[in-house]
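Text of work_34.csv (CSV, C-alpha atoms and all ligand atoms) as supplied:
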chain,number,residue,atom,x,y,z
A,292,MET,CA,8.0,-9.1,-13.1
A,293,LYS,CA,10.4,-12.0,-12.4
A,294,TYR,CA,9.8,-14.0,-9.2
A,295,PHE,CA,12.0,-16.7,-7.8
A,296,LYS,CA,10.8,-20.0,-6.4
A,297,LYS,CA,12.3,-20.1,-3.0
A,298,MET,CA,9.6,-22.1,-1.1
A,299,ILE,CA,7.3,-24.1,-3.4
A,300,GLY,CA,3.9,-25.5,-2.7
A,301,LYS,CA,1.2,-27.1,-4.8
A,302,LYS,CA,-0.7,-23.8,-5.6
A,303,CYS,CA,1.7,-21.1,-4.8
A,304,TYR,CA,5.4,-20.3,-4.0
A,305,LEU,CA,7.2,-17.8,-1.9
A,306,SER,CA,9.7,-15.5,-3.7
A,307,PRO,CA,11.9,-12.6,-2.5
A,308,ILE,CA,9.9,-9.4,-2.8
A,309,SER,CA,10.5,-6.8,-5.5
A,310,VAL,CA,10.3,-3.0,-5.1
A,311,GLU,CA,8.6,-2.9,-8.5
A,312,ASP,CA,5.5,-4.4,-6.7
A,313,ALA,CA,5.2,-1.4,-4.4
A,314,GLU,CA,2.3,0.2,-6.3
A,315,GLN,CA,0.3,-3.1,-6.2
A,316,TYR,CA,0.9,-3.5,-2.5
A,317,CYS,CA,0.0,0.1,-1.9
A,318,GLU,CA,-3.3,-0.4,-3.8
A,319,TRP,CA,-4.2,-3.5,-1.8
A,320,LEU,CA,-3.2,-2.0,1.6
A,321,ASN,CA,-5.3,1.1,1.0
A,322,ASP,CA,-8.4,-1.1,0.3
A,323,PHE,CA,-10.4,-1.2,3.6
A,324,GLU,CA,-11.7,-4.7,3.0
A,325,ILE,CA,-8.2,-6.0,3.1
A,326,ALA,CA,-6.6,-3.4,5.4
A,327,SER,CA,-9.2,-3.6,8.2
A,328,ASN,CA,-7.8,-7.0,9.0
A,329,LEU,CA,-4.3,-5.6,9.3
A,330,LEU,CA,-5.0,-2.2,10.9
A,331,ILE,CA,-2.7,-0.5,8.4
A,332,PHE,CA,-5.7,1.5,7.4
A,333,SER,CA,-5.1,4.0,10.2
A,334,GLN,CA,-1.8,5.0,8.5
A,335,GLN,CA,-1.3,7.0,5.4
A,336,LEU,CA,0.4,4.6,3.1
A,337,SER,CA,1.6,6.5,0.0
A,338,LEU,CA,3.6,5.0,-2.8
A,339,GLU,CA,6.7,6.8,-1.6
A,340,LYS,CA,6.2,5.3,1.9
A,341,GLU,CA,5.6,1.8,0.6
A,342,LEU,CA,8.7,2.1,-1.7
A,343,GLY,CA,10.8,3.1,1.3
A,344,ILE,CA,9.4,0.3,3.5
A,345,LEU,CA,10.2,-2.3,0.8
A,346,GLN,CA,13.7,-0.9,0.1
A,347,ASP,CA,14.5,-0.9,3.8
A,348,MET,CA,13.3,-4.5,4.1
A,349,ILE,CA,15.3,-5.6,1.2
A,350,LYS,CA,18.4,-3.8,2.5
A,351,ASN,CA,18.0,-5.2,6.0
A,352,ASN,CA,17.5,-8.7,4.7
A,353,SER,CA,14.1,-9.0,6.2
A,354,GLN,CA,12.3,-12.3,6.1
A,355,ILE,CA,9.5,-11.0,3.8
A,356,PHE,CA,8.2,-13.0,0.8
A,357,ALA,CA,6.0,-12.3,-2.2
A,358,ILE,CA,3.2,-14.9,-2.5
A,359,VAL,CA,3.0,-16.0,-6.2
A,360,GLU,CA,0.6,-18.3,-7.9
A,361,LEU,CA,2.5,-21.4,-9.1
A,362,GLU,CA,0.6,-21.9,-12.4
A,363,THR,CA,0.6,-18.2,-13.6
A,364,ASP,CA,3.4,-16.5,-11.7
A,365,LYS,CA,0.8,-13.9,-10.7
A,366,LEU,CA,1.5,-11.9,-7.5
A,367,LEU,CA,-1.1,-12.6,-4.8
A,368,GLY,CA,0.2,-10.9,-1.7
A,369,ASN,CA,3.0,-11.2,0.8
A,370,CYS,CA,3.9,-12.7,4.1
A,371,SER,CA,6.7,-12.2,6.6
A,372,ILE,CA,8.5,-13.3,9.7
A,373,PHE,CA,9.4,-10.5,12.0
A,374,ARG,CA,10.4,-9.7,15.6
A,375,ILE,CA,12.9,-12.6,15.4
A,376,ASN,CA,14.4,-13.4,18.8
A,377,GLU,CA,17.3,-15.7,18.2
A,378,ARG,CA,18.2,-16.4,21.8
A,379,ASN,CA,14.8,-17.7,22.6
A,380,ARG,CA,14.1,-18.9,19.0
A,381,LYS,CA,10.7,-17.1,18.7
A,382,ALA,CA,9.2,-14.8,16.2
A,383,GLU,CA,5.9,-13.4,14.8
A,384,VAL,CA,4.3,-13.8,11.3
A,385,GLY,CA,1.9,-11.8,9.2
A,386,ILE,CA,0.2,-12.5,5.9
A,387,PHE,CA,-2.2,-11.0,3.4
A,388,ILE,CA,-3.6,-12.2,0.1
A,389,GLY,CA,-4.3,-8.9,-1.7
A,390,ASP,CA,-6.3,-10.2,-4.7
A,391,LYS,CA,-9.7,-10.9,-3.1
A,392,LYS,CA,-10.6,-13.3,-5.9
A,393,TYR,CA,-8.0,-15.7,-4.4
A,394,TRP,CA,-9.5,-15.7,-0.9
A,395,ASN,CA,-11.0,-18.9,0.4
A,396,LYS,CA,-9.1,-21.0,-2.2
A,397,GLY,CA,-6.4,-22.4,0.1
A,398,TYR,CA,-3.6,-20.0,-1.1
A,399,GLY,CA,-3.3,-18.3,2.3
A,400,THR,CA,-3.1,-21.5,4.2
A,401,GLU,CA,-0.4,-23.0,1.9
A,402,ALA,CA,1.6,-19.7,1.8
A,403,LEU,CA,1.7,-19.5,5.6
A,404,THR,CA,2.6,-23.2,5.9
A,405,LEU,CA,5.6,-22.5,3.5
A,406,LEU,CA,6.5,-19.5,5.6
A,407,LEU,CA,6.5,-21.6,8.8
A,408,ASP,CA,8.5,-24.3,7.1
A,409,TYR,CA,11.1,-21.7,6.4
A,410,GLY,CA,10.9,-20.3,10.0
A,411,PHE,CA,11.1,-23.7,11.7
A,412,ASN,CA,13.4,-25.6,9.4
A,413,ILE,CA,15.7,-22.9,8.1
A,414,LEU,CA,15.7,-20.2,10.8
A,415,ASN,CA,15.4,-23.0,13.4
A,416,LEU,CA,12.7,-21.1,15.4
A,417,ASN,CA,10.8,-22.9,18.1
A,418,ASN,CA,7.7,-20.7,18.8
A,419,ILE,CA,5.9,-18.7,16.1
A,420,MET,CA,3.1,-16.3,17.1
A,421,LEU,CA,0.6,-14.2,15.4
A,422,GLU,CA,-2.2,-11.7,16.2
A,423,VAL,CA,-5.6,-11.7,14.5
A,424,PHE,CA,-8.7,-9.7,15.1
A,425,SER,CA,-11.6,-11.6,16.5
A,426,PHE,CA,-13.9,-10.8,13.5
A,427,ASN,CA,-11.4,-12.4,11.1
A,428,LYS,CA,-13.0,-15.9,11.1
A,429,ARG,CA,-11.4,-16.8,7.7
A,430,ALA,CA,-7.9,-16.1,9.0
A,431,ILE,CA,-8.5,-17.9,12.4
A,432,ARG,CA,-9.8,-21.0,10.5
A,433,SER,CA,-6.8,-21.0,8.2
A,434,TYR,CA,-4.4,-20.7,11.2
A,435,GLU,CA,-6.2,-23.5,13.1
A,436,LYS,CA,-5.9,-25.7,10.0
A,437,ILE,CA,-2.1,-25.2,10.0
A,438,GLY,CA,-1.9,-26.1,13.7
A,439,PHE,CA,-1.9,-22.7,15.5
A,440,LYS,CA,-3.5,-22.8,18.9
A,441,ILE,CA,-5.2,-19.9,20.6
A,442,ILE,CA,-3.1,-18.4,23.5
A,443,GLY,CA,-5.9,-16.1,24.4
A,444,PRO,CA,-7.6,-12.7,23.6
A,445,ARG,CA,-6.4,-9.2,24.4
A,446,ARG,CA,-9.8,-7.8,25.2
A,447,GLU,CA,-11.3,-4.8,23.4
A,448,ALA,CA,-7.9,-4.0,21.9
A,449,LEU,CA,-9.4,-2.7,18.7
A,450,GLN,CA,-12.2,-0.2,18.1
A,451,ILE,CA,-13.7,0.5,14.7
A,452,ALA,CA,-17.0,2.5,14.0
A,453,GLY,CA,-17.8,2.5,17.7
A,454,LYS,CA,-17.5,-1.3,18.1
A,455,LYS,CA,-14.8,-3.0,20.2
A,456,TYR,CA,-13.1,-6.2,19.2
A,457,ASP,CA,-10.6,-8.5,20.8
A,458,GLU,CA,-7.2,-9.3,19.4
A,459,ILE,CA,-6.6,-13.0,19.5
A,460,TYR,CA,-3.0,-14.3,20.0
A,461,MET,CA,-2.2,-17.7,18.5
A,462,ASP,CA,1.1,-19.7,18.4
A,463,ILE,CA,2.6,-22.9,17.1
A,464,LEU,CA,5.7,-24.9,18.2
A,465,ALA,CA,8.2,-26.5,15.9
A,466,SER,CA,7.2,-29.9,17.4
A,467,GLU,CA,3.6,-29.3,16.2
A,468,PHE,CA,4.5,-28.4,12.7
A,469,LYS,CA,4.7,-30.7,9.6
A,470,SER,CA,7.0,-29.6,6.9
A,471,ILE,CA,5.7,-29.6,3.3
A,472,TYR,CA,8.8,-28.5,1.4
A,473,ILE,CA,12.2,-28.4,3.2
A,474,LYS,CA,12.0,-31.8,4.7
A,475,LYS,CA,10.9,-33.4,1.4
A,476,ILE,CA,14.1,-32.0,-0.2
A,477,MET,CA,16.4,-32.9,2.7
A,478,ASP,CA,15.1,-36.5,2.9
A,479,LYS,CA,16.4,-37.1,-0.6
A,480,LYS,CA,20.0,-36.2,0.4
B,1,LIG,C1,-6.5,-14.5,6.0
B,1,LIG,C2,-6.0,-15.1,4.6
B,1,LIG,C3,-4.5,-15.0,4.6
B,1,LIG,C4,-6.5,-16.5,4.5
B,1,LIG,O1,-6.1,-17.0,3.3
B,1,LIG,P1,-7.2,-17.7,2.3
B,1,LIG,O2,-6.4,-18.2,1.1
B,1,LIG,O3,-8.3,-16.8,2.1
B,1,LIG,O4,-7.7,-18.9,3.3
B,1,LIG,P2,-7.8,-20.4,3.0
B,1,LIG,O5,-8.7,-20.6,1.8
B,1,LIG,O6,-6.5,-21.1,2.9
B,1,LIG,O7,-8.6,-20.9,4.3
B,1,LIG,C5,-9.7,-20.2,4.8
B,1,LIG,C6,-10.6,-21.1,5.6
B,1,LIG,O8,-11.5,-20.3,6.3
B,1,LIG,C7,-12.8,-20.8,6.1
B,1,LIG,N1,-13.7,-19.6,6.2
B,1,LIG,C8,-13.9,-18.6,5.3
B,1,LIG,N2,-14.8,-17.7,5.8
B,1,LIG,C9,-15.1,-18.1,7.1
B,1,LIG,C10,-15.9,-17.7,8.1
B,1,LIG,N3,-16.6,-16.5,8.0
B,1,LIG,N4,-16.0,-18.4,9.3
B,1,LIG,C11,-15.4,-19.5,9.4
B,1,LIG,N5,-14.5,-20.1,8.4
B,1,LIG,C12,-14.4,-19.4,7.3
B,1,LIG,C13,-12.8,-21.3,4.6
B,1,LIG,O9,-13.9,-22.1,4.4
B,1,LIG,C14,-11.4,-22.1,4.8
B,1,LIG,O10,-11.6,-23.2,5.5
B,1,LIG,P3,-11.8,-24.7,4.8
B,1,LIG,O11,-10.6,-24.9,4.0
B,1,LIG,O12,-11.8,-25.6,6.0
B,1,LIG,O13,-13.0,-24.6,4.1
B,1,LIG,C15,-6.6,-14.2,3.5
B,1,LIG,O14,-8.0,-14.4,3.4
B,1,LIG,C16,-6.3,-12.7,3.6
B,1,LIG,O15,-5.2,-12.3,3.2
B,1,LIG,N6,-7.3,-11.9,4.0
B,1,LIG,C17,-7.1,-10.5,4.1
B,1,LIG,C18,-6.0,-10.0,5.0
B,1,LIG,C19,-6.0,-10.8,6.3
B,1,LIG,O16,-7.0,-11.0,6.9
B,1,LIG,N7,-4.7,-11.1,6.8
B,1,LIG,C20,-4.5,-11.8,8.0
B,1,LIG,C21,-4.4,-10.9,9.2
B,1,LIG,S1,-4.2,-11.7,10.7

Can you present the structure in this file as structure tokens?
Amino acid sequence: MKYFKKMIGKKCYLSPISVEDAEQYCEWLNDFEIASNLLIFSQQLSLEKELGILQDMIKNNSQIFAIVELETDKLLGNCSIFRINERNRKAEVGIFIGDKKYWNKGYGTEALTLLLDYGFNILNLNNIMLEVFSFNKRAIRSYEKIGFKIIGPRREALQIAGKKYDEIYMDILASEFKSIYIKKIMDKK
């Protein structure tokens, strides 16, 4: 698989996605340990469906990126900017690292920082928001490290195995974000 270094960090880079990765994404998104954090588990995600989703995203020029390890060019997951509202310069983001061996090693934080760099400094967004389940402490910690602040919880918005959980809304402003890639390149010009 050939990936393209669109946004480059120290450990990983963001590349345009490829439909050839549909099977790998499908495997990850049917794994409950991963999907329980994303709520995609309640849908039937077949290979045909995932292929269709990726093809639509590529055709519609969606802001979705493969996350790829810099040293090995190995696919780790993906991340995206969606619900882009150009008038009010706001959007939402989502991310997953599908290879669990790569959790807790800083890849997710760096990939999301690169995604925000793209969102704030290329798409010129002002407010970027995300939703995270209250039990996902790893994700919340990662988002706080980047500079996301908690807006508040939507109470008991999720129920799994008889237990209710809050959905936490977090956001970050362009003025609170420090670029790690785009600005470095532009400062040389
Ligand atoms: C969420 C996710 C993107 C984070 O990426 P990551 O590479 O694993 O995270 P990082 O290593 O960059 O940062 C995780 C931080 O959380 C901390 N952490 C891990 N488990 C924790 C816990 N139970 N409680 C508190 N902090 C925790 C880590 O120590 C680390 O902080 P540190 O650098 O200060 O030590 C990734 O784990 C993932 O894709 N998970 C599955 C899907 C998912 O949850 N997606 C997000 C949905 S909102």

Select, from A:Glu422, A:Ile372, A:Lys455, A:Val310, the residue with the minimum atom-to-atom distance to A:Ser353, counting all atoms listed in the file.
A:Ile372

Take atom CA of A:Pro307 and atom CA of A:Val359 and report the distance between them in Å, one decimal.
10.2 Å

Expected selection as a PDB file with C-alpha atoms, in the coordinates of the input for ligand LIG 1 (chain B) within 6 Å, all atoms listed in the file:
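So the final result, stored in result23.pdb, reads:
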ATOM      1  CA  ILE A 325      -8.200  -6.000   3.100  1.00  0.00           C
ATOM      2  CA  ASN A 328      -7.800  -7.000   9.000  1.00  0.00           C
ATOM      3  CA  LEU A 329      -4.300  -5.600   9.300  1.00  0.00           C
ATOM      4  CA  ILE A 386       0.200 -12.500   5.900  1.00  0.00           C
ATOM      5  CA  PHE A 387      -2.200 -11.000   3.400  1.00  0.00           C
ATOM      6  CA  ILE A 388      -3.600 -12.200   0.100  1.00  0.00           C
ATOM      7  CA  TRP A 394      -9.500 -15.700  -0.900  1.00  0.00           C
ATOM      8  CA  ASN A 395     -11.000 -18.900   0.400  1.00  0.00           C
ATOM      9  CA  LYS A 396      -9.100 -21.000  -2.200  1.00  0.00           C
ATOM     10  CA  GLY A 397      -6.400 -22.400   0.100  1.00  0.00           C
ATOM     11  CA  TYR A 398      -3.600 -20.000  -1.100  1.00  0.00           C
ATOM     12  CA  GLY A 399      -3.300 -18.300   2.300  1.00  0.00           C
ATOM     13  CA  THR A 400      -3.100 -21.500   4.200  1.00  0.00           C
ATOM     14  CA  GLU A 422      -2.200 -11.700  16.200  1.00  0.00           C
ATOM     15  CA  VAL A 423      -5.600 -11.700  14.500  1.00  0.00           C
ATOM     16  CA  LYS A 428     -13.000 -15.900  11.100  1.00  0.00           C
ATOM     17  CA  ARG A 429     -11.400 -16.800   7.700  1.00  0.00           C
ATOM     18  CA  ALA A 430      -7.900 -16.100   9.000  1.00  0.00           C
ATOM     19  CA  ARG A 432      -9.800 -21.000  10.500  1.00  0.00           C
ATOM     20  CA  SER A 433      -6.800 -21.000   8.200  1.00  0.00           C
TER      21      SER A 433
END

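Residues in contact with stretch 442-450 of chain A at up to 10 Å, not including ones fewer than 2 positions away on its chain and judged by all atoms listed in the file, are Leu330, Met420, Leu421, Glu422, Val423, Phe424, Ser425, Phe439, Lys440, Ala452, Gly453, Lys454, Lys455, Tyr456, Asp457, Glu458, Ile459, Tyr460, Met461, Asp462 and Ile463 of chain A.
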
Spatial neighbours of A:Ser337, max dist 9 Å, all atoms listed in the file, sep filter under 5 positions, as a list of chain:residue names
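Near A:Ser337, the qualifying residues are A:Glu314, A:Cys317, A:Asn321, A:Leu342.
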
I need the residues from that last selection saved to file as a PDB file, in the frame of the given file (with C-alpha atoms), if you can.
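Below is the file that was written, selection.pdb:
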ATOM      1  CA  GLU A 314       2.300   0.200  -6.300  1.00  0.00           C
ATOM      2  CA  CYS A 317       0.000   0.100  -1.900  1.00  0.00           C
ATOM      3  CA  ASN A 321      -5.300   1.100   1.000  1.00  0.00           C
ATOM      4  CA  LEU A 342       8.700   2.100  -1.700  1.00  0.00           C
TER       5      LEU A 342
END

Around the point (0.5, -20.7, -2.2) (coordinates from the file), which residues reach within 7 Å if we count only C-alpha atoms? Answer as a PyMOL selection string.
chain A and resi 300-304+358-360+398-399+401-402

Mind listing whatever residues come within 9 Å of the point (-3.1, -7.9, -0.2)? Use only C-alpha atoms, file coordinates, and give them as a list in words.
Gln315, Tyr316, Cys317, Glu318, Trp319, Leu320, Asp322, Ile325, Ala326, Leu367, Gly368, Asn369, Ile386, Phe387, Ile388, Gly389, Asp390 and Lys391 of chain A

Any chance you could build stretch 442-464 of chain A out to N, CA, C and O atoms and write it as a PDB file, keeping the file's coordinate frame?
ATOM      1  N   ILE A 442      -3.702 -18.728  22.147  1.00  0.00           N
ATOM      2  CA  ILE A 442      -3.100 -18.400  23.500  1.00  0.00           C
ATOM      3  C   ILE A 442      -4.144 -17.755  24.318  1.00  0.00           C
ATOM      4  O   ILE A 442      -4.332 -18.078  25.482  1.00  0.00           O
ATOM      5  N   GLY A 443      -4.823 -16.769  23.692  1.00  0.00           N
ATOM      6  CA  GLY A 443      -5.900 -16.100  24.400  1.00  0.00           C
ATOM      7  C   GLY A 443      -6.158 -14.719  23.762  1.00  0.00           C
ATOM      8  O   GLY A 443      -5.458 -14.301  22.849  1.00  0.00           O
ATOM      9  N   PRO A 444      -7.218 -14.048  24.223  1.00  0.00           N
ATOM     10  CA  PRO A 444      -7.600 -12.700  23.600  1.00  0.00           C
ATOM     11  C   PRO A 444      -6.981 -11.573  24.432  1.00  0.00           C
ATOM     12  O   PRO A 444      -6.841 -11.649  25.650  1.00  0.00           O
ATOM     13  N   ARG A 445      -6.625 -10.522  23.719  1.00  0.00           N
ATOM     14  CA  ARG A 445      -6.400  -9.200  24.400  1.00  0.00           C
ATOM     15  C   ARG A 445      -7.714  -8.475  24.180  1.00  0.00           C
ATOM     16  O   ARG A 445      -8.073  -8.106  23.055  1.00  0.00           O
ATOM     17  N   ARG A 446      -8.447  -8.268  25.268  1.00  0.00           N
ATOM     18  CA  ARG A 446      -9.800  -7.800  25.200  1.00  0.00           C
ATOM     19  C   ARG A 446      -9.987  -6.382  24.729  1.00  0.00           C
ATOM     20  O   ARG A 446      -9.277  -5.514  25.206  1.00  0.00           O
ATOM     21  N   GLU A 447     -10.911  -6.170  23.815  1.00  0.00           N
ATOM     22  CA  GLU A 447     -11.300  -4.800  23.400  1.00  0.00           C
ATOM     23  C   GLU A 447     -10.063  -3.992  22.940  1.00  0.00           C
ATOM     24  O   GLU A 447      -9.980  -2.800  23.222  1.00  0.00           O
ATOM     25  N   ALA A 448      -9.127  -4.647  22.264  1.00  0.00           N
ATOM     26  CA  ALA A 448      -7.900  -4.000  21.900  1.00  0.00           C
ATOM     27  C   ALA A 448      -8.036  -3.174  20.595  1.00  0.00           C
ATOM     28  O   ALA A 448      -7.122  -2.459  20.191  1.00  0.00           O
ATOM     29  N   LEU A 449      -9.180  -3.340  19.951  1.00  0.00           N
ATOM     30  CA  LEU A 449      -9.400  -2.700  18.700  1.00  0.00           C
ATOM     31  C   LEU A 449     -10.794  -2.024  18.686  1.00  0.00           C
ATOM     32  O   LEU A 449     -11.759  -2.634  19.163  1.00  0.00           O
ATOM     33  N   GLN A 450     -10.889  -0.817  18.161  1.00  0.00           N
ATOM     34  CA  GLN A 450     -12.200  -0.200  18.100  1.00  0.00           C
ATOM     35  C   GLN A 450     -12.367   0.413  16.672  1.00  0.00           C
ATOM     36  O   GLN A 450     -11.543   1.194  16.207  1.00  0.00           O
ATOM     37  N   ILE A 451     -13.428  -0.018  15.989  1.00  0.00           N
ATOM     38  CA  ILE A 451     -13.700   0.500  14.700  1.00  0.00           C
ATOM     39  C   ILE A 451     -15.237   0.841  14.628  1.00  0.00           C
ATOM     40  O   ILE A 451     -16.059  -0.003  15.012  1.00  0.00           O
ATOM     41  N   ALA A 452     -15.570   2.014  14.172  1.00  0.00           N
ATOM     42  CA  ALA A 452     -17.000   2.500  14.000  1.00  0.00           C
ATOM     43  C   ALA A 452     -17.765   2.225  15.304  1.00  0.00           C
ATOM     44  O   ALA A 452     -18.893   1.720  15.270  1.00  0.00           O
ATOM     45  N   GLY A 453     -17.150   2.547  16.414  1.00  0.00           N
ATOM     46  CA  GLY A 453     -17.800   2.500  17.700  1.00  0.00           C
ATOM     47  C   GLY A 453     -17.978   1.097  18.296  1.00  0.00           C
ATOM     48  O   GLY A 453     -18.537   0.929  19.377  1.00  0.00           O
ATOM     49  N   LYS A 454     -17.422   0.093  17.604  1.00  0.00           N
ATOM     50  CA  LYS A 454     -17.500  -1.300  18.100  1.00  0.00           C
ATOM     51  C   LYS A 454     -16.141  -1.770  18.552  1.00  0.00           C
ATOM     52  O   LYS A 454     -15.144  -1.486  17.872  1.00  0.00           O
ATOM     53  N   LYS A 455     -16.123  -2.481  19.659  1.00  0.00           N
ATOM     54  CA  LYS A 455     -14.800  -3.000  20.200  1.00  0.00           C
ATOM     55  C   LYS A 455     -14.658  -4.446  19.836  1.00  0.00           C
ATOM     56  O   LYS A 455     -15.620  -5.222  19.880  1.00  0.00           O
ATOM     57  N   TYR A 456     -13.429  -4.810  19.536  1.00  0.00           N
ATOM     58  CA  TYR A 456     -13.100  -6.200  19.200  1.00  0.00           C
ATOM     59  C   TYR A 456     -11.873  -6.649  19.961  1.00  0.00           C
ATOM     60  O   TYR A 456     -11.009  -5.835  20.290  1.00  0.00           O
ATOM     61  N   ASP A 457     -11.789  -7.963  20.185  1.00  0.00           N
ATOM     62  CA  ASP A 457     -10.600  -8.500  20.800  1.00  0.00           C
ATOM     63  C   ASP A 457      -9.524  -8.785  19.764  1.00  0.00           C
ATOM     64  O   ASP A 457      -9.832  -9.021  18.591  1.00  0.00           O
ATOM     65  N   GLU A 458      -8.285  -8.782  20.232  1.00  0.00           N
ATOM     66  CA  GLU A 458      -7.200  -9.300  19.400  1.00  0.00           C
ATOM     67  C   GLU A 458      -6.866 -10.664  19.914  1.00  0.00           C
ATOM     68  O   GLU A 458      -6.727 -10.854  21.131  1.00  0.00           O
ATOM     69  N   ILE A 459      -6.819 -11.630  19.025  1.00  0.00           N
ATOM     70  CA  ILE A 459      -6.600 -13.000  19.500  1.00  0.00           C
ATOM     71  C   ILE A 459      -5.098 -13.340  19.190  1.00  0.00           C
ATOM     72  O   ILE A 459      -4.602 -13.117  18.076  1.00  0.00           O
ATOM     73  N   TYR A 460      -4.430 -13.861  20.200  1.00  0.00           N
ATOM     74  CA  TYR A 460      -3.000 -14.300  20.000  1.00  0.00           C
ATOM     75  C   TYR A 460      -3.024 -15.811  19.821  1.00  0.00           C
ATOM     76  O   TYR A 460      -3.712 -16.545  20.538  1.00  0.00           O
ATOM     77  N   MET A 461      -2.268 -16.247  18.803  1.00  0.00           N
ATOM     78  CA  MET A 461      -2.200 -17.700  18.500  1.00  0.00           C
ATOM     79  C   MET A 461      -0.702 -18.041  18.329  1.00  0.00           C
ATOM     80  O   MET A 461       0.090 -17.209  17.880  1.00  0.00           O
ATOM     81  N   ASP A 462      -0.332 -19.284  18.678  1.00  0.00           N
ATOM     82  CA  ASP A 462       1.100 -19.700  18.400  1.00  0.00           C
ATOM     83  C   ASP A 462       1.140 -21.167  18.030  1.00  0.00           C
ATOM     84  O   ASP A 462       0.163 -21.932  18.144  1.00  0.00           O
ATOM     85  N   ILE A 463       2.296 -21.522  17.519  1.00  0.00           N
ATOM     86  CA  ILE A 463       2.600 -22.900  17.100  1.00  0.00           C
ATOM     87  C   ILE A 463       4.036 -23.207  17.428  1.00  0.00           C
ATOM     88  O   ILE A 463       4.899 -22.325  17.299  1.00  0.00           O
ATOM     89  N   LEU A 464       4.297 -24.447  17.854  1.00  0.00           N
ATOM     90  CA  LEU A 464       5.700 -24.900  18.200  1.00  0.00           C
ATOM     91  C   LEU A 464       6.248 -25.679  17.009  1.00  0.00           C
ATOM     92  O   LEU A 464       5.496 -26.318  16.249  1.00  0.00           O
TER      93      LEU A 464
END
